[in-house]
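Student: The following file, query-v6.txt, comprises compact mmCIF, C-alpha atoms and all ligand atoms:
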# COMPACT_ATOMS: atom_id res chain seq x y z
CA MET Q 1 -57.84 130.16 116.41
CA SER Q 2 -57.96 133.87 117.22
CA ILE Q 3 -55.27 136.26 115.99
CA LYS Q 4 -54.31 139.25 118.15
CA LYS Q 5 -51.89 142.16 118.19
CA TRP Q 6 -51.23 142.00 121.95
CA ALA Q 7 -51.71 139.08 124.35
CA ILE Q 8 -51.30 139.74 128.06
CA ILE Q 9 -50.73 136.58 130.09
CA GLY Q 10 -52.05 137.22 133.61
CA GLY Q 11 -54.97 139.54 134.44
CA GLY Q 12 -53.76 140.75 137.83
CA LEU Q 13 -52.69 144.26 138.78
CA HIS Q 14 -49.79 144.23 136.33
CA GLY Q 15 -51.59 142.75 133.35
CA CYS Q 16 -54.61 145.01 133.84
CA THR Q 17 -52.54 148.20 134.23
CA ALA Q 18 -50.76 147.42 130.95
CA ALA Q 19 -54.11 146.67 129.26
CA TYR Q 20 -55.54 149.96 130.51
CA TYR Q 21 -52.60 151.96 129.15
CA LEU Q 22 -52.60 150.20 125.77
CA LEU Q 23 -56.35 150.47 125.24
CA LYS Q 24 -56.59 154.05 126.52
CA LYS Q 25 -53.51 155.59 124.92
CA GLY Q 26 -52.17 153.06 122.43
CA LYS Q 27 -55.15 153.26 120.09
CA ILE Q 28 -55.59 149.50 120.25
CA ARG Q 29 -59.08 148.07 119.79
CA ASN Q 30 -60.49 145.57 122.26
CA GLU Q 31 -60.61 142.90 119.57
CA ASP Q 32 -56.84 143.27 119.00
CA LEU Q 33 -55.92 142.69 122.64
CA ILE Q 34 -56.46 139.61 124.77
CA ILE Q 35 -55.93 139.21 128.52
CA ILE Q 36 -55.57 135.55 129.44
CA ASP Q 37 -56.17 134.59 133.07
CA PRO Q 38 -57.70 131.55 134.82
CA HIS Q 39 -60.12 133.71 136.80
CA GLU Q 40 -63.57 134.95 135.75
CA ARG Q 41 -62.71 138.63 135.97
CA PRO Q 42 -59.80 141.07 136.38
CA LEU Q 43 -57.80 141.35 139.64
CA GLN Q 44 -59.55 138.38 141.24
CA ARG Q 45 -56.32 136.96 142.70
CA TRP Q 46 -55.47 140.34 144.26
CA GLU Q 47 -58.99 140.77 145.66
CA LYS Q 48 -58.97 137.27 147.11
CA LEU Q 49 -55.57 137.62 148.78
CA THR Q 50 -56.11 141.07 150.24
CA GLY Q 51 -59.67 140.13 151.32
CA THR Q 52 -58.44 136.90 152.95
CA ILE Q 53 -55.95 138.71 155.19
CA GLY Q 54 -58.52 141.37 156.12
CA MET Q 55 -56.41 144.22 154.72
CA ASP Q 56 -58.48 147.40 155.07
CA TYR Q 57 -56.03 149.99 153.66
CA LEU Q 58 -53.30 149.62 151.06
CA ARG Q 59 -49.71 150.16 152.07
CA SER Q 60 -49.02 152.24 148.98
CA PRO Q 61 -50.09 155.88 148.44
CA SER Q 62 -53.13 157.06 146.49
CA VAL Q 63 -51.07 157.98 143.41
CA HIS Q 64 -50.41 154.28 142.78
CA HIS Q 65 -53.27 152.66 140.87
CA LEU Q 66 -54.14 151.43 137.36
CA SER Q 67 -54.89 154.74 135.67
CA THR Q 68 -52.63 156.88 133.48
CA ASP Q 69 -53.62 159.99 135.52
CA PRO Q 70 -51.72 160.05 138.85
CA PHE Q 71 -54.60 161.82 140.63
CA ALA Q 72 -57.38 159.62 139.22
CA LEU Q 73 -57.93 157.77 142.50
CA GLN Q 74 -58.08 160.99 144.54
CA LYS Q 75 -60.57 162.44 142.05
CA TYR Q 76 -62.61 159.24 142.24
CA ALA Q 77 -62.68 159.52 146.06
CA GLU Q 78 -63.96 163.10 145.77
CA GLU Q 79 -66.56 162.27 143.14
CA THR Q 80 -67.90 159.37 145.19
CA ASP Q 81 -67.82 161.42 148.42
CA ARG Q 82 -65.22 159.20 150.05
CA LYS Q 83 -62.25 161.42 150.80
CA HIS Q 84 -62.30 159.79 154.26
CA HIS Q 85 -61.20 156.57 152.50
CA LEU Q 86 -57.75 158.15 151.98
CA LYS Q 87 -55.62 157.75 155.10
CA GLY Q 88 -52.71 159.75 156.53
CA ARG Q 89 -50.03 161.85 154.87
CA TYR Q 90 -49.69 159.46 151.91
CA LYS Q 91 -53.47 159.33 151.43
CA ARG Q 92 -53.36 155.52 151.41
CA PRO Q 93 -56.61 154.30 149.87
CA SER Q 94 -58.99 151.88 151.55
CA LEU Q 95 -59.03 148.51 149.82
CA GLN Q 96 -62.71 149.04 149.05
CA LEU Q 97 -62.06 152.37 147.33
CA PHE Q 98 -59.04 151.03 145.44
CA ASN Q 99 -60.95 147.96 144.22
CA GLU Q 100 -64.01 149.94 143.14
CA HIS Q 101 -61.79 152.43 141.31
CA SER Q 102 -59.94 149.57 139.57
CA THR Q 103 -63.26 148.00 138.54
CA SER Q 104 -64.49 151.32 137.14
CA LEU Q 105 -61.26 151.69 135.11
CA MET Q 106 -61.55 148.17 133.76
CA GLU Q 107 -65.16 148.83 132.78
CA GLU Q 108 -64.05 152.02 131.06
CA ILE Q 109 -61.86 149.90 128.74
CA ASN Q 110 -64.58 147.23 128.23
CA TRP Q 111 -62.43 144.54 129.80
CA SER Q 112 -64.89 141.72 129.05
CA LYS Q 113 -64.36 142.21 125.29
CA SER Q 114 -60.64 141.41 125.76
CA TRP Q 115 -60.87 138.82 128.55
CA TYR Q 116 -60.17 135.13 127.99
CA GLN Q 117 -60.59 132.78 130.94
CA GLY Q 118 -57.87 130.18 130.62
CA THR Q 119 -54.34 129.14 131.58
CA VAL Q 120 -51.36 129.39 129.26
CA GLU Q 121 -49.13 126.32 129.09
CA ASP Q 122 -46.75 127.06 126.24
CA LEU Q 123 -45.42 129.72 123.93
CA ILE Q 124 -43.71 129.15 120.59
CA ARG Q 125 -42.13 131.76 118.35
CA ASN Q 126 -43.15 131.70 114.68
CA LYS Q 127 -43.05 134.02 111.65
CA GLU Q 128 -46.18 135.93 112.72
CA GLY Q 129 -45.09 136.43 116.33
CA TRP Q 130 -46.01 134.05 119.13
CA PHE Q 131 -48.20 130.97 119.21
CA ILE Q 132 -49.88 130.48 122.60
CA SER Q 133 -51.14 127.09 123.80
CA LEU Q 134 -53.71 126.90 126.56
CA GLU Q 135 -54.45 124.10 129.01
CA ASN Q 136 -57.94 123.67 127.50
CA GLY Q 137 -56.40 122.82 124.10
CA ASP Q 138 -57.15 126.21 122.56
CA HIS Q 139 -54.54 128.31 120.69
CA ILE Q 140 -54.04 132.02 120.18
CA GLN Q 141 -51.65 133.74 117.78
CA SER Q 142 -50.34 137.14 118.83
CA GLU Q 143 -47.81 139.61 117.46
CA TYR Q 144 -46.75 140.90 120.91
CA ILE Q 145 -46.82 139.22 124.31
CA LEU Q 146 -46.66 140.56 127.86
CA LEU Q 147 -45.87 137.98 130.54
CA ALA Q 148 -47.55 139.18 133.75
CA MET Q 149 -48.12 136.01 135.78
CA GLY Q 150 -47.01 137.42 139.14
CA VAL Q 151 -45.41 135.48 142.00
CA ASN Q 152 -48.46 135.03 144.23
CA ASP Q 153 -48.90 131.43 143.09
CA GLN Q 154 -45.57 130.17 144.43
CA PRO Q 155 -45.74 129.78 148.20
CA LEU Q 156 -42.49 129.69 150.17
CA TYR Q 157 -42.70 126.95 152.84
CA PRO Q 158 -40.50 126.87 155.94
CA ASN Q 159 -38.10 123.88 156.18
CA TRP Q 160 -40.11 122.30 159.01
CA TYR Q 161 -43.28 122.05 156.88
CA ASN Q 162 -42.30 118.60 155.57
CA GLN Q 163 -42.09 117.24 159.15
CA LEU Q 164 -45.89 117.43 159.24
CA HIS Q 165 -46.29 114.60 156.71
CA LYS Q 166 -49.95 113.52 156.74
CA HIS Q 167 -50.87 116.31 159.18
CA GLN Q 168 -50.21 119.02 156.60
CA GLU Q 169 -53.95 119.67 156.34
CA ARG Q 170 -53.77 121.72 159.59
CA CYS Q 171 -51.16 124.01 158.08
CA VAL Q 172 -51.93 126.17 155.05
CA HIS Q 173 -50.04 128.80 153.06
CA LEU Q 174 -51.83 132.04 152.22
CA PHE Q 175 -50.62 131.72 148.60
CA ASP Q 176 -52.01 128.18 148.14
CA GLU Q 177 -55.20 129.36 146.44
CA GLU Q 178 -56.91 125.97 146.30
CA LYS Q 179 -56.07 124.71 149.81
CA TYR Q 180 -56.70 128.07 151.49
CA GLY Q 181 -60.13 128.23 149.84
CA LYS Q 182 -61.15 125.05 151.67
CA PHE Q 183 -59.30 125.68 154.94
CA LYS Q 184 -61.29 126.29 158.12
CA ALA Q 185 -59.09 128.02 160.70
CA ALA Q 186 -59.88 126.84 164.23
CA PRO Q 187 -58.31 128.29 167.41
CA PRO Q 188 -55.73 128.29 168.85
CA ILE Q 189 -54.16 129.69 165.67
CA ALA Q 190 -50.50 130.36 164.83
CA VAL Q 191 -49.78 132.88 162.08
CA ILE Q 192 -46.21 132.50 160.81
CA GLY Q 193 -44.38 135.48 159.27
CA GLY Q 194 -43.02 138.88 160.22
CA GLY Q 195 -44.36 140.96 157.33
CA ILE Q 196 -47.49 142.98 156.71
CA SER Q 197 -49.63 140.06 155.43
CA ALA Q 198 -48.93 138.06 158.62
CA ALA Q 199 -49.72 141.14 160.72
CA HIS Q 200 -53.06 141.71 158.97
CA LEU Q 201 -53.97 138.04 159.41
CA ALA Q 202 -53.11 138.14 163.12
CA LEU Q 203 -55.26 141.27 163.56
CA LYS Q 204 -58.15 139.58 161.76
CA PHE Q 205 -57.97 136.34 163.77
CA GLY Q 206 -57.31 138.29 166.99
CA LYS Q 207 -60.69 140.03 166.62
CA LYS Q 208 -62.49 136.75 165.99
CA TYR Q 209 -60.65 134.60 168.54
CA PRO Q 210 -59.29 137.01 171.19
CA GLY Q 211 -56.53 135.49 173.32
CA GLN Q 212 -56.14 132.48 171.02
CA VAL Q 213 -53.83 133.85 168.32
CA HIS Q 214 -50.02 133.78 168.18
CA LEU Q 215 -48.01 135.74 165.61
CA ILE Q 216 -44.72 133.89 165.22
CA LYS Q 217 -41.74 135.50 163.53
CA ARG Q 218 -38.00 134.93 163.44
CA HIS Q 219 -36.93 138.54 163.78
CA PRO Q 220 -38.00 141.71 165.62
CA PHE Q 221 -40.62 143.81 163.78
CA ARG Q 222 -39.14 145.74 160.84
CA VAL Q 223 -41.16 148.94 160.64
CA HIS Q 224 -41.06 150.79 157.30
CA ASP Q 225 -43.86 152.76 155.67
CA PHE Q 226 -43.17 151.17 152.28
CA ASP Q 227 -41.41 147.99 151.22
CA SER Q 228 -38.54 149.97 149.69
CA ASP Q 229 -37.33 153.57 149.98
CA PRO Q 230 -39.43 155.93 147.75
CA GLY Q 231 -36.07 157.05 146.24
CA TRP Q 232 -36.36 153.88 144.11
CA LEU Q 233 -39.30 155.39 142.25
CA GLY Q 234 -37.10 157.97 140.56
CA PRO Q 235 -33.54 158.92 139.64
CA LYS Q 236 -32.31 159.22 143.26
CA TYR Q 237 -31.47 155.50 143.34
CA LEU Q 238 -32.53 154.31 139.90
CA SER Q 239 -29.84 156.16 137.97
CA LYS Q 240 -27.11 154.18 139.78
CA PHE Q 241 -29.09 150.96 139.29
CA GLU Q 242 -29.51 151.59 135.57
CA LYS Q 243 -25.80 152.33 135.14
CA GLN Q 244 -24.95 148.97 136.70
CA LYS Q 245 -24.26 146.53 133.85
CA SER Q 246 -23.79 143.41 135.98
CA PHE Q 247 -27.10 141.68 136.65
CA SER Q 248 -25.72 139.96 139.76
CA ASP Q 249 -24.92 143.41 141.15
CA ARG Q 250 -28.39 144.62 140.18
CA ARG Q 251 -29.89 141.62 142.03
CA ASP Q 252 -27.78 142.48 145.11
CA MET Q 253 -29.01 146.07 144.94
CA ILE Q 254 -32.63 144.85 144.79
CA LYS Q 255 -32.11 142.50 147.74
CA LYS Q 256 -30.60 145.27 149.84
CA ALA Q 257 -33.29 147.77 148.85
CA ARG Q 258 -36.36 145.64 149.63
CA PHE Q 259 -37.50 145.75 153.24
CA LYS Q 260 -38.47 142.09 153.22
CA GLY Q 261 -40.78 140.95 155.99
CA SER Q 262 -41.59 144.52 157.02
CA LEU Q 263 -44.80 146.32 157.99
CA ASN Q 264 -45.88 149.94 158.14
CA ARG Q 265 -46.16 151.93 161.38
CA GLU Q 266 -49.94 152.06 161.41
CA VAL Q 267 -50.33 148.26 161.26
CA PHE Q 268 -47.48 147.84 163.76
CA LEU Q 269 -49.24 150.12 166.28
CA ARG Q 270 -52.52 148.24 165.84
CA LEU Q 271 -50.71 144.98 166.54
CA LYS Q 272 -49.10 146.42 169.67
CA ARG Q 273 -52.50 147.65 170.90
CA MET Q 274 -54.08 144.23 170.39
CA GLU Q 275 -51.16 142.61 172.14
CA GLU Q 276 -51.59 144.96 175.13
CA GLU Q 277 -55.27 144.05 175.21
CA GLY Q 278 -54.27 140.38 175.40
CA LYS Q 279 -56.01 139.53 172.13
CA ILE Q 280 -52.88 138.31 170.36
CA GLN Q 281 -49.40 137.23 171.44
CA THR Q 282 -46.29 137.85 169.38
CA VAL Q 283 -43.42 135.37 169.58
CA SER Q 284 -39.92 136.14 168.27
CA SER Q 285 -38.34 132.72 167.85
CA SER Q 286 -37.55 130.24 165.13
CA ILE Q 287 -39.44 126.97 165.06
CA LYS Q 288 -37.26 123.91 165.74
CA GLU Q 289 -39.72 121.07 165.26
CA VAL Q 290 -43.36 120.38 164.53
CA ALA Q 291 -45.49 117.24 164.88
CA GLY Q 292 -49.15 116.52 164.15
CA ARG Q 293 -51.21 115.53 167.20
CA GLY Q 294 -54.91 115.32 167.99
CA GLY Q 295 -56.10 117.11 164.85
CA GLY Q 296 -53.61 119.94 165.46
CA VAL Q 297 -49.88 120.65 165.50
CA ASP Q 298 -47.35 120.63 168.37
CA VAL Q 299 -44.74 123.33 167.87
CA ALA Q 300 -41.32 123.31 169.57
CA PHE Q 301 -39.56 126.68 169.49
CA GLU Q 302 -35.80 127.22 169.44
CA SER Q 303 -36.34 129.22 172.65
CA GLY Q 304 -37.29 125.94 174.37
CA LYS Q 305 -41.03 126.67 174.64
CA ASN Q 306 -43.67 124.24 173.30
CA GLN Q 307 -47.19 125.08 172.17
CA HIS Q 308 -50.13 123.26 170.60
CA PHE Q 309 -52.14 124.87 167.76
CA LYS Q 310 -55.25 123.67 166.00
CA SER Q 311 -54.35 125.66 162.86
CA ILE Q 312 -51.20 127.15 161.38
CA VAL Q 313 -51.38 129.80 158.65
CA LEU Q 314 -48.18 130.56 156.77
CA ALA Q 315 -47.71 134.12 155.55
CA THR Q 316 -44.10 133.49 154.59
CA GLY Q 317 -44.21 135.03 151.11
CA SER Q 318 -43.21 133.59 147.75
CA THR Q 319 -40.17 131.69 146.55
CA SER Q 320 -37.52 133.74 144.80
CA GLU Q 321 -37.70 131.59 141.67
CA LEU Q 322 -39.05 132.44 138.28
CA PRO Q 323 -42.87 132.15 138.16
CA GLU Q 324 -44.57 129.46 136.07
CA LYS Q 325 -41.47 127.27 136.06
CA LYS Q 326 -43.44 124.38 134.57
CA TRP Q 327 -43.78 125.77 131.07
CA LEU Q 328 -41.59 128.87 131.13
CA HIS Q 329 -38.41 126.78 131.48
CA GLY Q 330 -39.32 124.97 128.27
CA VAL Q 331 -39.77 128.31 126.48
CA ILE Q 332 -36.46 129.60 127.88
CA SER Q 333 -34.45 126.65 126.57
CA ARG Q 334 -36.26 126.35 123.24
CA GLU Q 335 -36.12 130.07 122.45
CA ARG Q 336 -32.68 130.51 124.10
CA LEU Q 337 -33.91 133.33 126.31
CA SER Q 338 -31.22 134.99 128.34
CA CYS Q 339 -31.44 134.71 132.15
CA ALA Q 340 -29.23 136.25 134.83
CA GLU Q 341 -27.55 134.15 137.53
CA CYS Q 342 -30.64 134.59 139.74
CA GLY Q 343 -32.71 132.95 136.97
CA PHE Q 344 -34.63 136.11 136.07
CA PRO Q 345 -34.96 137.54 132.54
CA VAL Q 346 -32.24 139.70 131.05
CA ILE Q 347 -34.31 142.25 129.15
CA ASP Q 348 -33.78 145.49 127.28
CA GLU Q 349 -35.16 148.94 128.18
CA ASN Q 350 -38.40 148.03 126.34
CA LEU Q 351 -38.72 145.06 128.71
CA GLN Q 352 -38.17 142.76 125.73
CA TRP Q 353 -36.84 139.29 126.45
CA ALA Q 354 -36.95 138.23 122.82
CA PRO Q 355 -38.41 140.11 119.84
CA CYS Q 356 -41.98 141.12 120.77
CA LEU Q 357 -41.89 139.11 124.02
CA HIS Q 358 -42.16 141.53 126.95
CA VAL Q 359 -42.27 140.95 130.70
CA GLY Q 360 -43.79 142.79 133.66
CA GLY Q 361 -44.04 142.50 137.45
CA ALA Q 362 -41.38 140.44 139.21
CA LEU Q 363 -40.06 139.26 135.83
CA ALA Q 364 -39.03 142.83 134.95
CA GLU Q 365 -37.17 143.38 138.23
CA LEU Q 366 -33.67 143.52 136.74
CA GLU Q 367 -34.72 146.49 134.58
CA ILE Q 368 -37.37 148.26 136.72
CA GLY Q 369 -35.71 147.75 140.11
CA PRO Q 370 -37.04 146.93 143.60
CA VAL Q 371 -40.54 148.42 143.04
CA SER Q 372 -41.17 146.20 140.02
CA ARG Q 373 -43.62 143.83 141.81
CA ASN Q 374 -45.71 146.66 143.25
CA ILE Q 375 -48.43 148.86 141.81
CA SER Q 376 -45.85 151.58 141.13
CA GLY Q 377 -43.87 148.97 139.19
CA ALA Q 378 -46.96 148.09 137.17
CA LYS Q 379 -47.23 151.76 136.14
CA LYS Q 380 -43.57 151.87 135.13
CA VAL Q 381 -43.96 148.71 133.06
CA ALA Q 382 -47.16 149.98 131.41
CA GLU Q 383 -45.54 153.34 130.57
CA ARG Q 384 -42.58 151.64 128.88
CA LEU Q 385 -44.79 149.23 126.94
CA LEU Q 386 -47.02 152.04 125.77
CA GLN Q 387 -44.02 154.07 124.62
CA TYR Q 388 -42.61 151.04 122.80
CA HIS Q 389 -45.97 150.33 121.17
CA LEU Q 390 -46.36 153.96 120.05
CA ASN Q 391 -42.80 154.02 118.68
CA VAL Q 392 -42.97 150.78 116.69
CA ASN Q 393 -46.37 151.61 115.31
CA SER Q 394 -45.58 155.36 114.90
CA ILE Q 395 -48.87 156.31 116.51
CA LYS Q 396 -49.37 159.72 118.09
CA ALA Q 397 -50.89 159.32 121.60
C1 LIG U 1 -51.59 140.67 150.54
C2 LIG U 1 -50.85 141.59 149.62
C3 LIG U 1 -50.98 142.97 149.75
C4 LIG U 1 -50.29 143.82 148.88
N1 LIG U 1 -50.45 145.18 149.01
C5 LIG U 1 -49.80 146.02 148.16
C6 LIG U 1 -49.97 147.44 148.25
O1 LIG U 1 -50.67 147.95 149.12
N2 LIG U 1 -49.33 148.22 147.34
C7 LIG U 1 -48.53 147.70 146.35
O2 LIG U 1 -47.99 148.45 145.55
N3 LIG U 1 -48.35 146.36 146.25
C8 LIG U 1 -48.96 145.51 147.13
N4 LIG U 1 -48.76 144.15 147.00
C9 LIG U 1 -47.79 143.64 146.00
C10 LIG U 1 -48.36 143.50 144.58
O3 LIG U 1 -48.92 144.71 144.13
C11 LIG U 1 -49.41 142.39 144.48
O4 LIG U 1 -48.79 141.16 144.79
C12 LIG U 1 -50.06 142.27 143.10
O5 LIG U 1 -51.14 141.37 143.18
C13 LIG U 1 -49.10 141.81 142.03
O6 LIG U 1 -49.78 141.83 140.82
P1 LIG U 1 -49.49 140.76 139.65
O7 LIG U 1 -50.34 141.15 138.52
O8 LIG U 1 -48.02 140.63 139.46
O9 LIG U 1 -49.92 139.37 140.30
P2 LIG U 1 -51.38 138.79 140.59
O10 LIG U 1 -52.26 139.84 141.15
O11 LIG U 1 -51.15 137.55 141.41
O12 LIG U 1 -51.91 138.41 139.15
C14 LIG U 1 -51.27 137.46 138.31
C15 LIG U 1 -52.36 136.75 137.53
O13 LIG U 1 -51.74 135.91 136.55
C16 LIG U 1 -52.47 134.71 136.50
N5 LIG U 1 -51.64 133.64 135.92
C17 LIG U 1 -50.62 132.95 136.50
N6 LIG U 1 -50.17 132.02 135.65
C18 LIG U 1 -50.90 132.09 134.52
C19 LIG U 1 -50.93 131.38 133.29
N7 LIG U 1 -50.07 130.37 133.05
N8 LIG U 1 -51.83 131.72 132.34
C20 LIG U 1 -52.70 132.74 132.56
N9 LIG U 1 -52.72 133.46 133.71
C21 LIG U 1 -51.85 133.14 134.68
C22 LIG U 1 -52.81 134.45 137.97
O14 LIG U 1 -53.84 133.48 138.12
C23 LIG U 1 -53.21 135.84 138.41
O15 LIG U 1 -54.58 136.09 138.21
C24 LIG U 1 -49.44 143.28 147.88
C25 LIG U 1 -49.31 141.89 147.77
C26 LIG U 1 -50.01 141.06 148.62
C27 LIG U 1 -49.83 139.57 148.47
Would you kindly transcribe this structure into structure tokens?
Ligand SMILES: Cc1cc2nc3c(=O)[nH]c(=O)nc-3n(C[C@H](O)[C@H](O)[C@H](O)COP(=O)(O)OP(=O)(O)OC[C@H]3O[C@@H](n4cnc5c(N)ncnc54)[C@H](O)[C@@H]3O)c2cc1C
Tutor:
Amino acid sequence: MSIKKWAIIGGGLHGCTAAYYLLKKGKIRNEDLIIIDPHERPLQRWEKLTGTIGMDYLRSPSVHHLSTDPFALQKYAEETDRKHHLKGRYKRPSLQLFNEHSTSLMEEINWSKSWYQGTVEDLIRNKEGWFISLENGDHIQSEYILLAMGVNDQPLYPNWYNQLHKHQERCVHLFDEEKYGKFKAAPPIAVIGGGISAAHLALKFGKKYPGQVHLIKRHPFRVHDFDSDPGWLGPKYLSKFEKQKSFSDRRDMIKKARFKGSLNREVFLRLKRMEEEGKIQTVSSSIKEVAGRGGGVDVAFESGKNQHFKSIVLATGSTSELPEKKWLHGVISRERLSCAECGFPVIDENLQWAPCLHVGGALAELEIGPVSRNISGAKKVAERLLQYHLNVNSIKA
């Protein structure tokens, strides 16, 4: 059994940002830190998802990335002669540039020396810290833990999905990693969802199958450059949020602040252009009923229209529940971890849920605010963890 100082559960954007900060500035050695993730290498889930939808540019600006230096990505673009990979007034990076920069940062911290490919299935507090059990039967003991499992593994299905019964194989959710990996989209295709992931998918399919793609959403397009007002990155809105002691009120503030199911202007204009060219059709209507027929799906809209699709791709986001319910609920009841009414962790300013048990990403939302799930949230989490680590260990950065 290996013994570590820090164990990070989840090697996605959040887990890797925290690892970068701790290894770069926290004077931790690779052998004292472990990043546990089921994938072979860092950020694989992110790369897969963004690659699958054909996202070419990030929605977030170039100052949001894994490094401790806000201008690291811009410098990287200059050094690699790719300033043209930064788009518009926010210098949004291309996915290719962002991914290559992330890989170079992870290599800088020798990620492979801290990486453990595996899935955590339990966590027990003991005198030395936390005892981690993995699905493969292995165990790891660690003084500090960061839970960074993300919410991209919990697809939110529309109510009508269950009507498909044995025909569910023609309908797949973007977040169902296993099923999507095997899915072969055949036209005519319906993409369900009003947000930026659905829009990217419709653009991608529209290029491949012009005139045979429908983007189906319940509401008119919600056009916002970011998925919350940039005022949430600093004191403009955060000071009021932090003063709020009621976690139900904090959750309400988060709900109001997040532009759910929105897309940025650039993607919106591309969609409109493709629609004008007749390559895709957008439909604003709820779905009333679905039924499998002839290796495809018949869709009846509330508007009264009916349509047959060979494939349906759901880009309807994630459920609003706590991630990793399976084992985390056991830990919550055994360790008596405090949760707000919405089910999410009640944590302190060090993002501590219990002594030496820290959370990041969506799990830290009630402390970090509406940007918590994003790359900017990952930076905020990593900064707080680093500060905590330096304080408790009295290390000078
Ligand atoms: C298509 C898409 C585009 C986005 N674009 C942007 C953007 O431009 N800008 C922005 O700021 N945000 C963006 N986001 C939001 C957010 O930054 C991403 O969702 C990001 O991937 C979240 O990082 P994460 O580390 O929380 O989750 P993930 O990247 O999903 O990583 C979590 C990791 O934890 C692992 N894990 C889960 N359970 C366990 C377990 N029990 N044991 C071990 N490991 C486990 C998972 O397998 C996964 O590898 C986007 C999201 C999506 C879906």
Student: Compute the set of protein, DNA and RNA residues whose minimum atom distance to ligand LIG 1 (chain U) is at most 7 Å, using only C-alpha atoms and all ligand atoms, and state it as a ChimeraX atom specification.
Tutor: /Q:9-15,36-39,43-46,49-50,53,58-60,64,118-121,148-153,197,324,361-362,373-376
Student: Using all atoms listed in the file, pick whichever of Q:Pro355, Q:Gly51, Q:Pro370, Q:Gly296 has the shortest atom-to-atom distance to Ala186 of chain Q.
Tutor: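 Between Q:Pro355, Q:Gly51, Q:Pro370, Q:Gly296, the residue approaching Ala186 of chain Q most closely is Q:Gly296.
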Student: Find the residues around Gln387 of chain Q up to 12 Å (all atoms listed in the file counted), leave out those fewer than 6 positions away in its own chain, and share them as a ChimeraX atom specification.
Tutor: /Q:18,21-22,25-26,349-351,380-381,393-397
Student: Between Q:Val283, Q:Ala202, Q:Ala185, Q:Met1, which residue has the minimum interatomic distance to Phe221 of chain Q, considering all atoms listed in the file?
Tutor: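 Looking only at the distances to Phe221 of chain Q, the closest residue turns out to be Q:Val283.
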Student: Using only C-alpha atoms, which residues sit within 8 Å of segment 123-134 of chain Q once same-chain residues fewer than 5 positions away are excluded, as a PyMOL selection string?
Tutor: chain Q and resi 118+139-145+331+335+356
Student: Using all atoms listed in the file, which of the listed residues (Q:Asp122, Q:Glu31, Q:Asp298, Q:Asp348) sits closest to Ile332 of chain Q?
Tutor: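 Among Q:Asp122, Q:Glu31, Q:Asp298, Q:Asp348, it is Q:Asp122 that comes nearest to Ile332 of chain Q.
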Student: For Pro70 of chain Q, which of Q:Lys325, Q:Lys217, Q:Lys379, Q:Arg251 is the closest residue, counting all atoms listed in the file?
Tutor: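 Between Q:Lys325, Q:Lys217, Q:Lys379, Q:Arg251, the residue approaching Pro70 of chain Q most closely is Q:Lys379.
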